[in-house]
Amino acid sequence: MTTTKASPRVVSKVLVTPVGMQCNMACEYCCNQFCSDFVPRPVVTMPLGLLDRLYEGLTEVASPRCTIIWHGGEPTFAGPAYLRSAIEHQAILRQRGIVVQNCLQTNATRLTDEWCELFRQYGVRPSISLDGPPTFHDRYRRTRSGHPTYGRARRGLDLLRKHDVRHGLLVVVTRSMVPHADQVFDWLQSEEIRHVDLLPCFEPELIVDGRQHLSPTPDEYGRFMTDLFDRWWLNDDPGLDIRTFRDVLRSLVGGQPYVCSWRGSCSWIVSVNERGEVYPCARYHGLPDTSLGSLTTDTLSDLIRGRKHQELRLRMESGQQDCRTCRWLSACGGGCPFARYALRQDFSSPYYYCRSRQLMFEHISRRVEEASV
Amino acid sequence: MKPSPDAAEAVATALPGMAILADVRREVDTTRELMCPCDDYDNCQYDNN
């Protein structure tokens with residue numbers, strides 16, 4: 001492994017897919033269907049020995065506050081006992097003064113009291129994939145046999161509330177949802193959701209050919225988000241945290257966004273699959289061109305400081321040439337590098353949802369000016 | 001006729017988004033250091049700063 005000079009402790013977000021892309025659902029829009037790694041098979045769980053190698057590497061490259069996100073597929077297939085052990089093995093990080101926040105992205109259909117007690121005990125923050133009211137959720141989020149899943153996901157949400165576990169929601173915005181921002185906002189309010197983000201459905205292979213049928217167009221997503229923003233703004237309750245809106249507002253008032261896709265580079269993130277293969281993000285899993293290597297043969301520190309990671313970082317950053325004259329670049333970051341890459345396996349492809357962001361920035365900055373008079 | 005200062009303040013606080021905007025500004029002011037991935041905001045040479 002050829003390495004460049006030592007870099008600072010830059011990794012502050014780590015994604016781990018302990019069972020790879022294995023999932024009990026077959027959502028029609030699932031991004032993992034575009035990943036060559038997505039092959040239903042018996043569940044293989046990442047060995048704890050590999051996790052220990054990851055943690056050892058993090059002692060050298062992680063920032064003092066680090067988030068570990070258990071992702072998938074559906075990470076609950078690893079089982080609560082596995083996650084308990086995985087968190088207890090993080091003692092090596094705590095001993096080095098690294099504070100770890102564990103998060104878990106789940107479809108919530110497999111949550112039990114045991115899972116929720118574990119979340120409470122270890123301060124794990126789950127994020128639930130739930131696409132708003134059943135009309136929207138059940139349209140695309142179904143089991144392999146075609147059964148709707150809103151009821152099961154909703155029961156998972158109720159369990160989290162029963163155990164007083166702080167949680168968030170991720171909503172995928174599909175084309176059919178675009179005219180219904182009011183309905184979605186009413187649902188968020190009636191369900192007393194406190195933390196949520198709404199991300200556009202993204203079908204890169206179909207978008208390239210103009211055949212996408214579930215993804216909103218950039219104008220449609222922009223319109224949905226600005227409609228939703230106006231309801232949120234008028235309601236004016238800071239207790240309802242809509243992450244994209246808060247990130248845009250943060251940027252407009254001189255702060256920095258939290259979400260990686262608004263920060264222009266994945267270089268502070270690593271993602272590790274159940275076989276120990278390391279990528280810049282879970283969305284690249286299975287794409288060999290973006291693989292940094294494997295924890296079975298190299299240390300994480302070597303992979304982060306290695307030439308491949310540096311080259312990838314440069315490729316990501318040079319892909320934003322078309323953004324240089326954009327007035328929103330410093331706030332937007334040029335879009336998610338993966339979204340650029342996914343269209344033609346080339347980071348210099350335009351960011352598909354660029355126009356959506358322009359619409360949001362223009363609309364929200366106007367609202368901020370009105371409120372600041 | 002000009003509104004009294006109290007009345008003007010009441011109108012201003014009733015504008016949409018005021019509570020949200022104040023909350024975001026407060027958060028940006030109090031957590032600026034936490035935004036930095038390497039946790040050393042003032043001295044950091046990381047690109048995203």
# chains A, B, ... in the order shown; residues from 1 in each chain; ligands from 1

$ interface_residues --of "chain A" --to "chain B" --cutoff "6 Å" --atoms "only C-alpha atoms" --output "PDB file with N, CA and C atoms, in the first residue's frame"
ATOM      1  N   ARG A   9      -6.868  13.788  11.798  1.00  0.00           N
ATOM      2  CA  ARG A   9      -7.957  12.869  12.153  1.00  0.00           C
ATOM      3  C   ARG A   9      -9.244  13.353  11.485  1.00  0.00           C
ATOM      4  N   VAL A  10      -9.432  12.921  10.242  1.00  0.00           N
ATOM      5  CA  VAL A  10     -10.497  13.503   9.429  1.00  0.00           C
ATOM      6  C   VAL A  10     -11.797  12.709   9.433  1.00  0.00           C
ATOM      7  N   SER A  12     -15.093  11.459  10.555  1.00  0.00           N
ATOM      8  CA  SER A  12     -16.042  11.721  11.630  1.00  0.00           C
ATOM      9  C   SER A  12     -17.372  11.004  11.412  1.00  0.00           C
ATOM     10  N   SER A  63     -11.963  11.613  14.206  1.00  0.00           N
ATOM     11  CA  SER A  63     -11.980  12.857  14.968  1.00  0.00           C
ATOM     12  C   SER A  63     -12.500  12.549  16.381  1.00  0.00           C
ATOM     13  N   TRP A 233     -42.570  26.885   7.494  1.00  0.00           N
ATOM     14  CA  TRP A 233     -42.220  28.260   7.862  1.00  0.00           C
ATOM     15  C   TRP A 233     -43.418  28.961   8.506  1.00  0.00           C
ATOM     16  N   LEU A 234     -44.592  28.749   7.899  1.00  0.00           N
ATOM     17  CA  LEU A 234     -45.812  29.363   8.414  1.00  0.00           C
ATOM     18  C   LEU A 234     -46.166  28.768   9.780  1.00  0.00           C
ATOM     19  N   ASP A 236     -44.051  27.531  11.861  1.00  0.00           N
ATOM     20  CA  ASP A 236     -43.025  28.169  12.699  1.00  0.00           C
ATOM     21  C   ASP A 236     -42.786  27.467  14.032  1.00  0.00           C
ATOM     22  N   PRO A 238     -39.950  25.386  15.783  1.00  0.00           N
ATOM     23  CA  PRO A 238     -38.578  24.860  15.686  1.00  0.00           C
ATOM     24  C   PRO A 238     -38.475  23.426  16.217  1.00  0.00           C
ATOM     25  N   GLY A 255     -23.531  29.378   8.976  1.00  0.00           N
ATOM     26  CA  GLY A 255     -23.079  28.124   9.582  1.00  0.00           C
ATOM     27  C   GLY A 255     -22.744  27.100   8.517  1.00  0.00           C
TER      28      GLY A 255
END

$ residues_around --residues "Ala26 of chain A" --least-positions-apart "3" --cutoff "7 Å" --atoms "only C-alpha atoms" --output "list in words"
Arg141, Arg142, Thr143 and Arg144 of chain A

$ atom_distance --atom1 "atom CA of Thr174 of chain A" --atom2 "atom CA of His285 of chain A"
23.5 Å

$ atom_distance --atom1 "atom CA of Val44 of chain A" --atom2 "atom CA of Glu117 of chain A"
24.6 Å

$ atom_distance --atom1 "atom CA of Ile304 of chain A" --atom2 "atom CA of Tyr341 of chain A"
20.0 Å

$ residues_around --residues "segment 184-197 of chain A" --least-positions-apart "3" --cutoff "10 Å" --atoms "only C-alpha atoms" --output "count of residues only"
37

$ residues_around --residues "Pro218 of chain A" --least-positions-apart "4" --cutoff "8 Å" --atoms "only C-alpha atoms" --output "NGL selection string"
:A and (222 or 352-356)

$ residues_around --residues "segment 203-212 of chain A" --least-positions-apart "3" --cutoff "9 Å" --atoms "only C-alpha atoms" --output "PyMOL selection string"
chain A and resi 29-31+34+215-217+339+342-344+352

$ residues_around --residues "Arg53 of chain A" --least-positions-apart "2" --cutoff "10 Å" --atoms "only C-alpha atoms" --output "MDAnalysis selection string"
chainID A and resid 48:51 55:58 276 295:296 298:300

$ write_last_selection --atoms "N, CA and C atoms" --output "mmCIF file, in the first residue's frame"
data_model
loop_
_atom_site.group_PDB
_atom_site.id
_atom_site.type_symbol
_atom_site.label_atom_id
_atom_site.label_comp_id
_atom_site.auth_asym_id
_atom_site.auth_seq_id
_atom_site.Cartn_x
_atom_site.Cartn_y
_atom_site.Cartn_z
ATOM 1 N N LEU A 48 -16.898 -10.052 14.344
ATOM 2 C CA LEU A 48 -16.501 -9.027 15.322
ATOM 3 C C LEU A 48 -15.008 -8.709 15.215
ATOM 4 N N GLY A 49 -14.216 -9.697 14.763
ATOM 5 C CA GLY A 49 -12.776 -9.458 14.579
ATOM 6 C C GLY A 49 -12.515 -8.361 13.549
ATOM 7 N N LEU A 50 -13.346 -8.330 12.502
ATOM 8 C CA LEU A 50 -13.203 -7.280 11.491
ATOM 9 C C LEU A 50 -13.597 -5.919 12.068
ATOM 10 N N LEU A 51 -14.649 -5.939 12.901
ATOM 11 C CA LEU A 51 -15.048 -4.689 13.560
ATOM 12 C C LEU A 51 -13.914 -4.168 14.432
ATOM 13 N N TYR A 55 -12.218 -0.549 14.424
ATOM 14 C CA TYR A 55 -12.093 0.328 15.590
ATOM 15 C C TYR A 55 -10.620 0.706 15.845
ATOM 16 N N GLU A 56 -9.745 -0.300 15.677
ATOM 17 C CA GLU A 56 -8.315 -0.002 15.862
ATOM 18 C C GLU A 56 -7.859 1.086 14.889
ATOM 19 N N GLY A 57 -8.326 0.963 13.637
ATOM 20 C CA GLY A 57 -7.979 1.973 12.637
ATOM 21 C C GLY A 57 -8.541 3.335 13.001
ATOM 22 N N LEU A 58 -9.757 3.340 13.544
ATOM 23 C CA LEU A 58 -10.387 4.615 13.900
ATOM 24 C C LEU A 58 -9.634 5.322 15.023
ATOM 25 N N GLY A 276 -15.527 -6.488 5.087
ATOM 26 C CA GLY A 276 -14.389 -5.643 5.456
ATOM 27 C C GLY A 276 -13.913 -4.749 4.335
ATOM 28 N N LEU A 295 -10.133 -4.268 4.861
ATOM 29 C CA LEU A 295 -9.547 -4.356 6.198
ATOM 30 C C LEU A 295 -8.933 -5.721 6.447
ATOM 31 N N THR A 296 -9.205 -6.696 5.568
ATOM 32 C CA THR A 296 -8.597 -8.013 5.750
ATOM 33 C C THR A 296 -7.114 -7.992 5.367
ATOM 34 N N ASP A 298 -5.334 -4.601 4.819
ATOM 35 C CA ASP A 298 -4.696 -3.326 5.167
ATOM 36 C C ASP A 298 -5.358 -2.734 6.403
ATOM 37 N N THR A 299 -4.662 -1.827 7.053
ATOM 38 C CA THR A 299 -5.293 -1.125 8.166
ATOM 39 C C THR A 299 -6.132 0.028 7.619
ATOM 40 N N LEU A 300 -7.105 0.465 8.394
ATOM 41 C CA LEU A 300 -7.936 1.586 7.954
ATOM 42 C C LEU A 300 -7.084 2.834 7.748
#

$ select_by_dssp --residues "segment 42-234 of chain A" --states "strand (DSSP E)" --output "number ranges by chain"
A: 62-70, 99-106, 125-129, 168-173, 195-200
